[in-house]
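The file target-v5.cif contains mmCIF, C-alpha atoms:
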data_work
loop_
_atom_site.label_atom_id
_atom_site.label_comp_id
_atom_site.auth_asym_id
_atom_site.auth_seq_id
_atom_site.Cartn_x
_atom_site.Cartn_y
_atom_site.Cartn_z
CA MET A 294 11.25 7.19 9.85
CA SER A 295 12.98 9.39 12.43
CA THR A 296 13.57 7.73 15.76
CA ASP A 297 12.81 10.91 17.73
CA LEU A 298 9.19 11.22 16.59
CA PRO A 299 6.74 11.46 19.50
CA VAL A 300 4.38 8.90 20.91
CA VAL A 301 0.86 10.12 20.01
CA VAL A 302 -2.27 9.28 21.96
CA GLY A 303 -5.88 10.08 21.10
CA VAL A 304 -7.98 11.18 24.06
CA ASP A 305 -11.62 12.20 24.51
CA GLY A 306 -12.00 12.04 28.29
CA SER A 307 -13.61 8.60 28.35
CA GLU A 308 -12.31 5.88 30.67
CA PRO A 309 -10.71 3.86 27.81
CA SER A 310 -8.93 6.93 26.47
CA LEU A 311 -7.61 7.83 29.93
CA ARG A 312 -6.12 4.35 30.20
CA ALA A 313 -4.58 4.95 26.77
CA VAL A 314 -2.95 8.11 28.15
CA ASP A 315 -1.41 6.04 30.96
CA TRP A 316 -0.05 3.48 28.51
CA ALA A 317 1.19 6.14 26.08
CA SER A 318 3.03 8.04 28.82
CA ASP A 319 4.69 4.79 29.93
CA GLU A 320 5.62 4.03 26.32
CA ALA A 321 7.08 7.51 25.78
CA ALA A 322 9.08 7.27 29.00
CA LEU A 323 10.44 3.84 27.99
CA ARG A 324 11.48 5.17 24.61
CA GLY A 325 12.82 8.50 25.88
CA LEU A 326 10.44 10.33 23.54
CA PRO A 327 8.00 13.24 23.94
CA LEU A 328 4.27 12.56 24.26
CA ARG A 329 1.70 14.29 22.05
CA ILE A 330 -1.89 14.24 23.34
CA VAL A 331 -4.56 14.84 20.69
CA ASN A 332 -8.26 15.51 21.21
CA ALA A 333 -10.05 15.38 17.87
CA CYS A 334 -13.79 15.92 17.79
CA LEU A 335 -16.63 17.65 16.00
CA TRP A 336 -18.29 18.79 19.22
CA GLU A 337 -17.58 21.98 21.14
CA ARG A 338 -18.57 20.38 24.42
CA TYR A 339 -17.89 17.00 25.93
CA GLU A 340 -20.66 14.83 27.38
CA GLY A 341 -19.31 12.14 29.66
CA ALA A 342 -18.82 11.38 33.32
CA ALA A 343 -15.19 10.27 33.71
CA LEU A 344 -13.39 13.53 33.01
CA ALA A 345 -16.16 15.69 34.44
CA GLN A 346 -15.80 13.89 37.76
CA ASP A 347 -12.04 14.47 37.76
CA LEU A 348 -12.51 18.16 37.02
CA GLY A 349 -15.33 18.63 39.52
CA LYS A 350 -17.69 20.27 37.04
CA PRO A 351 -20.82 19.24 35.10
CA SER A 352 -20.08 17.39 31.86
CA SER A 353 -21.92 20.10 29.90
CA GLU A 354 -19.22 22.55 30.97
CA VAL A 355 -16.25 20.41 29.94
CA LEU A 356 -14.57 21.79 26.81
CA PRO A 357 -12.08 20.08 24.46
CA GLN A 358 -9.27 22.10 26.03
CA ASP A 359 -10.27 20.68 29.41
CA VAL A 360 -9.96 17.19 27.93
CA VAL A 361 -6.37 17.62 26.79
CA GLU A 362 -5.32 19.62 29.84
CA GLY A 363 -6.69 16.90 32.11
CA ALA A 364 -4.81 14.28 30.09
CA VAL A 365 -1.60 16.33 30.28
CA ARG A 366 -1.89 16.52 34.07
CA ARG A 367 -2.48 12.78 34.24
CA ALA A 368 0.56 11.97 32.07
CA SER A 369 2.77 14.46 33.93
CA ALA A 370 1.77 13.03 37.31
CA ARG A 371 2.72 9.56 36.07
CA HIS A 372 6.04 10.69 34.53
CA PRO A 373 7.03 14.18 35.74
CA GLU A 374 10.10 14.29 33.46
CA LEU A 375 8.05 13.66 30.30
CA LYS A 376 7.74 16.38 27.67
CA VAL A 377 4.02 16.57 26.83
CA THR A 378 2.37 18.57 24.04
CA PRO A 379 -1.44 18.98 23.83
CA GLU A 380 -3.44 19.52 20.64
CA VAL A 381 -7.15 20.12 19.97
CA VAL A 382 -8.40 19.43 16.43
CA PHE A 383 -12.01 19.97 15.31
CA GLU A 384 -12.18 17.06 12.90
CA GLU A 385 -13.38 13.47 12.73
CA PRO A 386 -11.11 11.58 15.18
CA GLU A 387 -10.16 8.77 12.79
CA TYR A 388 -9.00 11.20 10.09
CA ALA A 389 -7.06 13.37 12.53
CA LEU A 390 -5.32 10.43 14.20
CA VAL A 391 -4.38 8.74 10.93
CA ARG A 392 -2.82 12.04 9.82
CA GLU A 393 -0.99 12.30 13.16
CA SER A 394 0.41 8.80 12.59
CA ARG A 395 2.53 10.11 9.71
CA ASP A 396 4.78 11.86 12.22
CA ALA A 397 4.60 9.45 15.16
CA SER A 398 6.80 6.64 16.42
CA VAL A 399 3.72 4.86 17.72
CA LEU A 400 0.04 5.81 18.05
CA VAL A 401 -1.98 4.76 21.11
CA THR A 402 -5.78 4.56 21.35
CA GLY A 403 -8.34 3.22 23.79
CA THR A 404 -10.82 0.50 22.93
CA ARG A 405 -13.81 2.78 22.71
CA GLY A 406 -14.68 6.42 22.98
CA ARG A 407 -17.70 8.21 24.32
CA SER A 408 -20.39 5.88 23.06
CA GLY A 409 -22.25 3.83 25.63
CA MET A 410 -21.62 0.49 23.96
CA ALA A 411 -19.77 -2.27 25.78
CA GLU A 412 -16.00 -1.94 25.99
CA THR A 413 -15.64 -5.60 25.09
CA LEU A 414 -16.26 -4.49 21.51
CA LEU A 415 -13.76 -2.34 19.65
CA GLY A 416 -14.91 1.16 18.74
CA SER A 417 -15.11 2.23 15.10
CA VAL A 418 -12.49 4.96 15.57
CA SER A 419 -9.92 2.56 17.05
CA LEU A 420 -10.60 0.02 14.32
CA ALA A 421 -10.28 2.63 11.55
CA VAL A 422 -7.05 4.00 13.01
CA ALA A 423 -5.57 0.51 13.43
CA GLY A 424 -6.36 -0.23 9.78
CA HIS A 425 -5.05 2.99 8.24
CA ALA A 426 -2.23 4.33 10.42
CA HIS A 427 1.24 4.81 8.99
CA CYS A 428 3.01 3.73 12.19
CA PRO A 429 2.45 0.95 14.74
CA VAL A 430 -0.82 1.34 16.65
CA ILE A 431 -1.34 0.12 20.21
CA VAL A 432 -4.97 -0.41 21.20
CA VAL A 433 -5.16 -0.48 24.99
CA ARG A 434 -7.40 -3.33 26.06
CA GLY A 435 -7.79 -4.85 29.53
CA SER A 436 -7.32 -3.07 32.89
CA HIS A 437 -10.98 -2.12 33.22
CA ASP A 438 -10.34 -0.11 36.40
CA ASN A 439 -9.51 3.22 34.74
CA GLN A 440 -5.78 2.49 35.13
CA ALA A 441 -3.35 1.02 32.62
CA ARG A 442 -1.11 -1.34 34.56
CA SER A 443 1.88 -2.35 32.48
CA GLY A 444 4.22 -5.11 33.60
CA ARG A 445 1.62 -7.27 35.32
CA HIS A 446 2.69 -10.50 33.61
CA GLY A 447 6.25 -9.71 32.58
CA ARG A 448 5.89 -11.04 29.03
CA VAL A 449 5.39 -9.79 25.47
CA VAL A 450 3.72 -12.12 22.95
CA VAL A 451 4.04 -11.91 19.18
CA GLY A 452 2.25 -13.76 16.44
CA ALA A 453 5.31 -14.91 14.49
CA GLY A 454 4.99 -13.88 10.88
CA GLY A 455 6.26 -10.64 9.36
CA LYS A 456 9.65 -9.13 10.15
CA SER A 457 8.35 -5.72 11.20
CA ALA A 458 6.08 -7.19 13.88
CA LEU A 459 8.91 -9.36 15.18
CA ASP A 460 11.34 -6.42 15.28
CA PHE A 461 8.76 -4.32 17.14
CA ALA A 462 8.06 -7.12 19.62
CA PHE A 463 11.75 -7.72 20.34
CA ALA A 464 12.28 -3.99 20.93
CA GLU A 465 9.28 -3.77 23.27
CA ALA A 466 10.46 -6.80 25.26
CA ALA A 467 13.99 -5.37 25.48
CA ARG A 468 12.71 -2.01 26.77
CA ARG A 469 10.72 -3.75 29.47
CA GLY A 470 13.41 -6.30 30.30
CA VAL A 471 10.94 -9.19 29.88
CA PRO A 472 10.87 -12.42 27.83
CA LEU A 473 9.29 -12.57 24.38
CA GLU A 474 7.03 -15.47 23.44
CA ALA A 475 6.77 -16.08 19.70
CA ILE A 476 3.74 -18.14 18.70
CA ARG A 477 2.86 -19.89 15.47
CA ALA A 478 -0.60 -21.41 15.17
CA TRP A 479 -1.27 -24.43 12.96
CA ARG A 480 -4.25 -26.52 11.89
CA CYS A 481 -4.74 -29.87 10.24
CA PRO A 482 -7.45 -29.66 7.54
CA ALA A 483 -10.34 -32.05 8.16
CA HIS A 484 -9.97 -33.72 4.75
CA GLU A 485 -6.47 -34.89 5.69
CA THR A 486 -7.59 -36.95 8.67
CA THR A 487 -7.93 -40.72 8.41
CA ASP A 488 -9.59 -43.46 10.37
CA HIS A 489 -6.64 -45.81 10.02
CA PRO A 490 -5.20 -46.25 13.53
CA LEU A 491 -1.58 -46.37 12.29
CA LEU A 492 -1.88 -43.16 10.25
CA ALA A 493 -4.31 -41.12 12.32
CA GLY A 494 -1.69 -38.76 13.76
CA GLU A 495 0.58 -38.39 10.73
CA PRO A 496 -1.09 -35.39 8.98
CA ALA A 497 -1.20 -33.49 12.26
CA ARG A 498 2.48 -34.15 12.92
CA LEU A 499 3.36 -32.89 9.45
CA HIS A 500 1.45 -29.64 9.92
CA GLU A 501 2.92 -29.13 13.37
CA GLN A 502 6.45 -29.68 12.03
CA GLN A 503 5.75 -27.21 9.24
CA ALA A 504 4.74 -24.63 11.86
CA VAL A 505 7.96 -25.33 13.78
CA ASP A 506 10.01 -24.86 10.60
CA VAL A 507 8.27 -21.56 9.75
CA LEU A 508 8.78 -20.30 13.29
CA ASP A 509 12.46 -21.26 13.30
CA ALA A 510 12.98 -19.53 9.95
CA ALA A 511 11.29 -16.34 11.15
CA LEU A 512 13.49 -16.28 14.26
CA ARG A 513 16.74 -17.27 12.57
CA ASP A 514 18.26 -13.79 13.02
CA ALA A 515 16.60 -13.03 16.35
CA PRO A 516 18.45 -10.68 18.74
CA THR A 517 20.28 -12.44 21.55
CA ASP A 518 19.64 -9.80 24.23
CA VAL A 519 16.02 -10.88 24.81
CA GLU A 520 14.93 -14.14 26.44
CA LEU A 521 12.97 -15.94 23.72
CA HIS A 522 10.35 -18.66 24.03
CA ARG A 523 9.02 -20.43 20.93
CA ARG A 524 5.63 -22.11 20.88
CA THR A 525 3.49 -23.78 18.22
CA VAL A 526 -0.18 -24.25 19.04
CA GLU A 527 -2.92 -26.13 17.21
CA GLY A 528 -5.97 -23.98 16.48
CA PRO A 529 -7.17 -20.87 14.60
CA ALA A 530 -4.53 -18.15 14.86
CA GLY A 531 -6.93 -15.52 16.19
CA THR A 532 -8.21 -17.80 18.94
CA VAL A 533 -4.69 -18.97 19.85
CA LEU A 534 -3.32 -15.42 20.11
CA ALA A 535 -6.34 -14.12 22.02
CA GLY A 536 -5.83 -16.96 24.47
CA ALA A 537 -2.12 -16.15 24.82
CA SER A 538 -3.03 -12.55 25.70
CA ASP A 539 -4.26 -13.78 29.10
CA HIS A 540 -0.66 -14.01 30.30
CA ALA A 541 0.85 -11.11 28.31
CA ASP A 542 1.40 -7.40 28.89
CA LEU A 543 1.39 -6.71 25.15
CA LEU A 544 0.33 -8.76 22.12
CA VAL A 545 1.99 -7.86 18.80
CA ILE A 546 0.73 -8.81 15.33
CA GLY A 547 1.61 -7.62 11.85
CA ALA A 548 -0.68 -6.34 9.11
CA ARG A 549 0.06 -5.89 5.42
CA ARG A 550 -1.06 -3.25 2.97
CA HIS A 551 -3.26 -4.49 0.16
CA PRO A 552 -2.58 -3.09 -3.34
CA ARG A 553 -6.29 -2.55 -3.99
CA HIS A 554 -7.21 -1.46 -0.48
CA PHE A 555 -6.68 1.88 1.25
CA GLY A 556 -4.78 1.10 4.41
CA LEU A 557 -3.82 -2.18 6.02
CA GLN A 558 -5.49 -5.50 5.40
CA LEU A 559 -6.86 -6.35 8.83
CA GLY A 560 -7.93 -9.96 8.37
CA ARG A 561 -9.81 -12.29 10.66
CA VAL A 562 -6.82 -12.79 12.96
CA ALA A 563 -6.37 -9.05 13.59
CA HIS A 564 -10.09 -8.51 14.10
CA ARG A 565 -10.27 -11.42 16.51
CA VAL A 566 -7.46 -10.21 18.74
CA LEU A 567 -8.52 -6.55 18.58
CA HIS A 568 -11.98 -7.50 19.81
CA HIS A 569 -11.07 -10.24 22.30
CA SER A 570 -7.53 -9.71 23.60
CA ALA A 571 -7.12 -9.48 27.37
CA CYS A 572 -4.15 -7.11 27.01
CA PRO A 573 -3.12 -4.18 24.78
CA VAL A 574 -2.61 -5.09 21.12
CA ALA A 575 0.03 -3.61 18.81
CA ILE A 576 -0.78 -3.62 15.10
CA VAL A 577 2.47 -3.22 13.15
CA PRO A 578 2.47 -2.35 9.41
CA GLU A 579 4.58 -4.84 7.50
CA GLN A 580 6.91 -3.51 4.81
CA GLU A 581 6.32 -5.08 1.42
#

With the file now loaded, output its structure as structure tokens.
Amino acid sequence: MSTDLPVVVGVDGSEPSLRAVDWASDEAALRGLPLRIVNACLWERYEGAALAQDLGKPSSEVLPQDVVEGAVRRASARHPELKVTPEVVFEEPEYALVRESRDASVLVTGTRGRSGMAETLLGSVSLAVAGHAHCPVIVVRGSHDNQARSGRHGRVVVGAGGKSALDFAFAEAARRGVPLEAIRAWRCPAHETTDHPLLAGEPARLHEQQAVDVLDAALRDAPTDVELHRRTVEGPAGTVLAGASDHADLLVIGARRHPRHFGLQLGRVAHRVLHHSACPVAIVPEQE
């Protein structure tokens, strides 16, 4: 994949999508890449308060072109030197954005679009895009004040597993000049526990050591230009990583393509962090 492909962000004028524009413009500036802002919808008019308030007109008068032009102004105000290209597509958003991902370095979405459901849940468009995109997808969670504030914690966290996710996480940490925390979760199956006082902790120690060994192997060829912290944590991986997101600016996990499934295989771990992370989540396709 070409390294000069743009950062693409999907926008519909909602508060979550405006935060995604902030994050995407920061990401494009960090990478030295152009930003492509895409509004994909099947409606000729937009019904929502956030953008209408910014434009000073009733929501019934806000058109798709207003949506992208407002997003362009927002991105340009944040990074005046950024090259920004707008696009309006009259198509289902998930289909349009997955197609856009073929020619993108990274695709950025908000948690939820124009529906009135709670932002704590992930919208169907964001979930579909995360599961079918051809490039890494960043779902911008957290910062529920209509602003994406990167660099609050000064740390990137990665669920140590696939090489592509690790490479992406190292690159993101290097761009930001922050440490990377690589986490491996582990659990001791209930049937391996024992009531014998001299053996009670042995199965747990074995599983923990196995997690340490897997983590060390995954990081054997880690770059030396990023401060690296290794951590093994007992518990379900999704819960562990969602908890780690409380002190992270970005949480990175990998996802694999399934031979009998169209798109990526977003398992329980990915679903857990996409729905419950306190910070933006990057879903990185793993190469088979």

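Among the candidates A:Pro309, A:Gly416, A:Pro529, A:Pro299, the one nearest to Gly452 of chain A when counting all atoms listed in the file is A:Pro529.
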
Report as lines of an AutoDock Vina configuration file the centre and the edge lengths, in Å to one decimal, of the axis-aligned box holding every listed atom of segment 389-394 of chain A, padded by 3 Å on each side.
center_x = -3.3
center_y = 11.1
center_z = 12.0
size_x = 13.5
size_y = 10.6
size_z = 10.4

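Residue selection for this entry, given the PyMOL selection byres ((chain A and resi 502) around 12), comprises A:Arg477, A:Ala478, A:Trp479, A:Arg480, A:Cys481, A:Glu495, A:Pro496, A:Ala497, A:Arg498, A:Leu499, A:His500, A:Glu501, A:Gln503, A:Ala504, A:Val505, A:Asp506, A:Val507, A:Leu508, A:Asp509, A:Arg524, A:Thr525, A:Val526, A:Glu527.
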
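Across the model, the gap from atom CA of Asp359 of chain A to atom CA of Gly306 of chain A is 8.9 Å.
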
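Between Val331 of chain A and the candidates A:Pro573, A:Gly560, A:Gly363, A:Gly547, the tightest atom-to-atom separation, counting all atoms listed in the file, involves A:Gly363.
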
If I only have part of segment 416-427 of chain A, can you fill in all heavy atoms and write it as an mmCIF file, in the coordinates of the input?
data_model
loop_
_atom_site.group_PDB
_atom_site.id
_atom_site.type_symbol
_atom_site.label_atom_id
_atom_site.label_comp_id
_atom_site.auth_asym_id
_atom_site.auth_seq_id
_atom_site.Cartn_x
_atom_site.Cartn_y
_atom_site.Cartn_z
ATOM 1 N N GLY A 416 -14.243 0.019 19.338
ATOM 2 C CA GLY A 416 -14.910 1.160 18.740
ATOM 3 C C GLY A 416 -14.500 1.367 17.288
ATOM 4 O O GLY A 416 -13.425 0.961 16.854
ATOM 5 N N SER A 417 -15.369 2.027 16.520
ATOM 6 C CA SER A 417 -15.110 2.230 15.100
ATOM 7 C C SER A 417 -13.891 3.103 14.866
ATOM 8 O O SER A 417 -13.146 2.903 13.892
ATOM 9 C CB SER A 417 -16.346 2.839 14.428
ATOM 10 O OG SER A 417 -16.679 4.084 15.027
ATOM 11 N N VAL A 418 -13.651 4.093 15.743
ATOM 12 C CA VAL A 418 -12.490 4.960 15.570
ATOM 13 C C VAL A 418 -11.202 4.163 15.748
ATOM 14 O O VAL A 418 -10.286 4.237 14.929
ATOM 15 C CB VAL A 418 -12.532 6.144 16.572
ATOM 16 C CG1 VAL A 418 -11.213 6.917 16.547
ATOM 17 C CG2 VAL A 418 -13.688 7.072 16.241
ATOM 18 N N SER A 419 -11.124 3.367 16.812
ATOM 19 C CA SER A 419 -9.920 2.560 17.050
ATOM 20 C C SER A 419 -9.682 1.585 15.911
ATOM 21 O O SER A 419 -8.539 1.377 15.485
ATOM 22 C CB SER A 419 -10.045 1.807 18.377
ATOM 23 O OG SER A 419 -10.136 2.695 19.460
ATOM 24 N N LEU A 420 -10.744 0.972 15.406
ATOM 25 C CA LEU A 420 -10.600 0.020 14.320
ATOM 26 C C LEU A 420 -10.127 0.711 13.045
ATOM 27 O O LEU A 420 -9.242 0.208 12.336
ATOM 28 C CB LEU A 420 -11.934 -0.692 14.062
ATOM 29 C CG LEU A 420 -11.898 -1.922 13.152
ATOM 30 C CD1 LEU A 420 -10.971 -2.991 13.727
ATOM 31 C CD2 LEU A 420 -13.293 -2.483 12.960
ATOM 32 N N ALA A 421 -10.690 1.886 12.750
ATOM 33 C CA ALA A 421 -10.280 2.630 11.550
ATOM 34 C C ALA A 421 -8.828 3.076 11.652
ATOM 35 O O ALA A 421 -8.065 2.982 10.684
ATOM 36 C CB ALA A 421 -11.191 3.836 11.361
ATOM 37 N N VAL A 422 -8.438 3.552 12.824
ATOM 38 C CA VAL A 422 -7.050 4.000 13.010
ATOM 39 C C VAL A 422 -6.091 2.822 12.890
ATOM 40 O O VAL A 422 -5.051 2.915 12.238
ATOM 41 C CB VAL A 422 -6.891 4.701 14.374
ATOM 42 C CG1 VAL A 422 -5.427 4.989 14.662
ATOM 43 C CG2 VAL A 422 -7.694 6.002 14.395
ATOM 44 N N ALA A 423 -6.435 1.689 13.502
ATOM 45 C CA ALA A 423 -5.570 0.510 13.430
ATOM 46 C C ALA A 423 -5.393 0.043 11.990
ATOM 47 O O ALA A 423 -4.339 -0.478 11.619
ATOM 48 C CB ALA A 423 -6.154 -0.620 14.277
ATOM 49 N N GLY A 424 -6.407 0.240 11.161
ATOM 50 C CA GLY A 424 -6.360 -0.230 9.780
ATOM 51 C C GLY A 424 -5.746 0.737 8.792
ATOM 52 O O GLY A 424 -5.457 0.342 7.662
ATOM 53 N N HIS A 425 -5.526 2.001 9.200
ATOM 54 C CA HIS A 425 -5.050 2.990 8.240
ATOM 55 C C HIS A 425 -3.823 3.769 8.693
ATOM 56 O O HIS A 425 -3.287 4.576 7.931
ATOM 57 C CB HIS A 425 -6.166 3.977 7.904
ATOM 58 C CG HIS A 425 -7.329 3.356 7.196
ATOM 59 N ND1 HIS A 425 -8.397 2.802 7.864
ATOM 60 C CD2 HIS A 425 -7.577 3.164 5.879
ATOM 61 C CE1 HIS A 425 -9.257 2.309 6.977
ATOM 62 N NE2 HIS A 425 -8.779 2.513 5.775
ATOM 63 N N ALA A 426 -3.356 3.559 9.910
ATOM 64 C CA ALA A 426 -2.230 4.330 10.420
ATOM 65 C C ALA A 426 -0.942 4.003 9.677
ATOM 66 O O ALA A 426 -0.777 2.912 9.138
ATOM 67 C CB ALA A 426 -2.063 4.087 11.915
ATOM 68 N N HIS A 427 -0.040 4.970 9.683
ATOM 69 C CA HIS A 427 1.240 4.810 8.990
ATOM 70 C C HIS A 427 2.347 4.348 9.935
ATOM 71 O O HIS A 427 3.476 4.136 9.485
ATOM 72 C CB HIS A 427 1.641 6.137 8.348
ATOM 73 C CG HIS A 427 0.647 6.637 7.354
ATOM 74 N ND1 HIS A 427 0.662 6.260 6.023
ATOM 75 C CD2 HIS A 427 -0.417 7.461 7.490
ATOM 76 C CE1 HIS A 427 -0.341 6.837 5.382
ATOM 77 N NE2 HIS A 427 -1.019 7.574 6.253
#
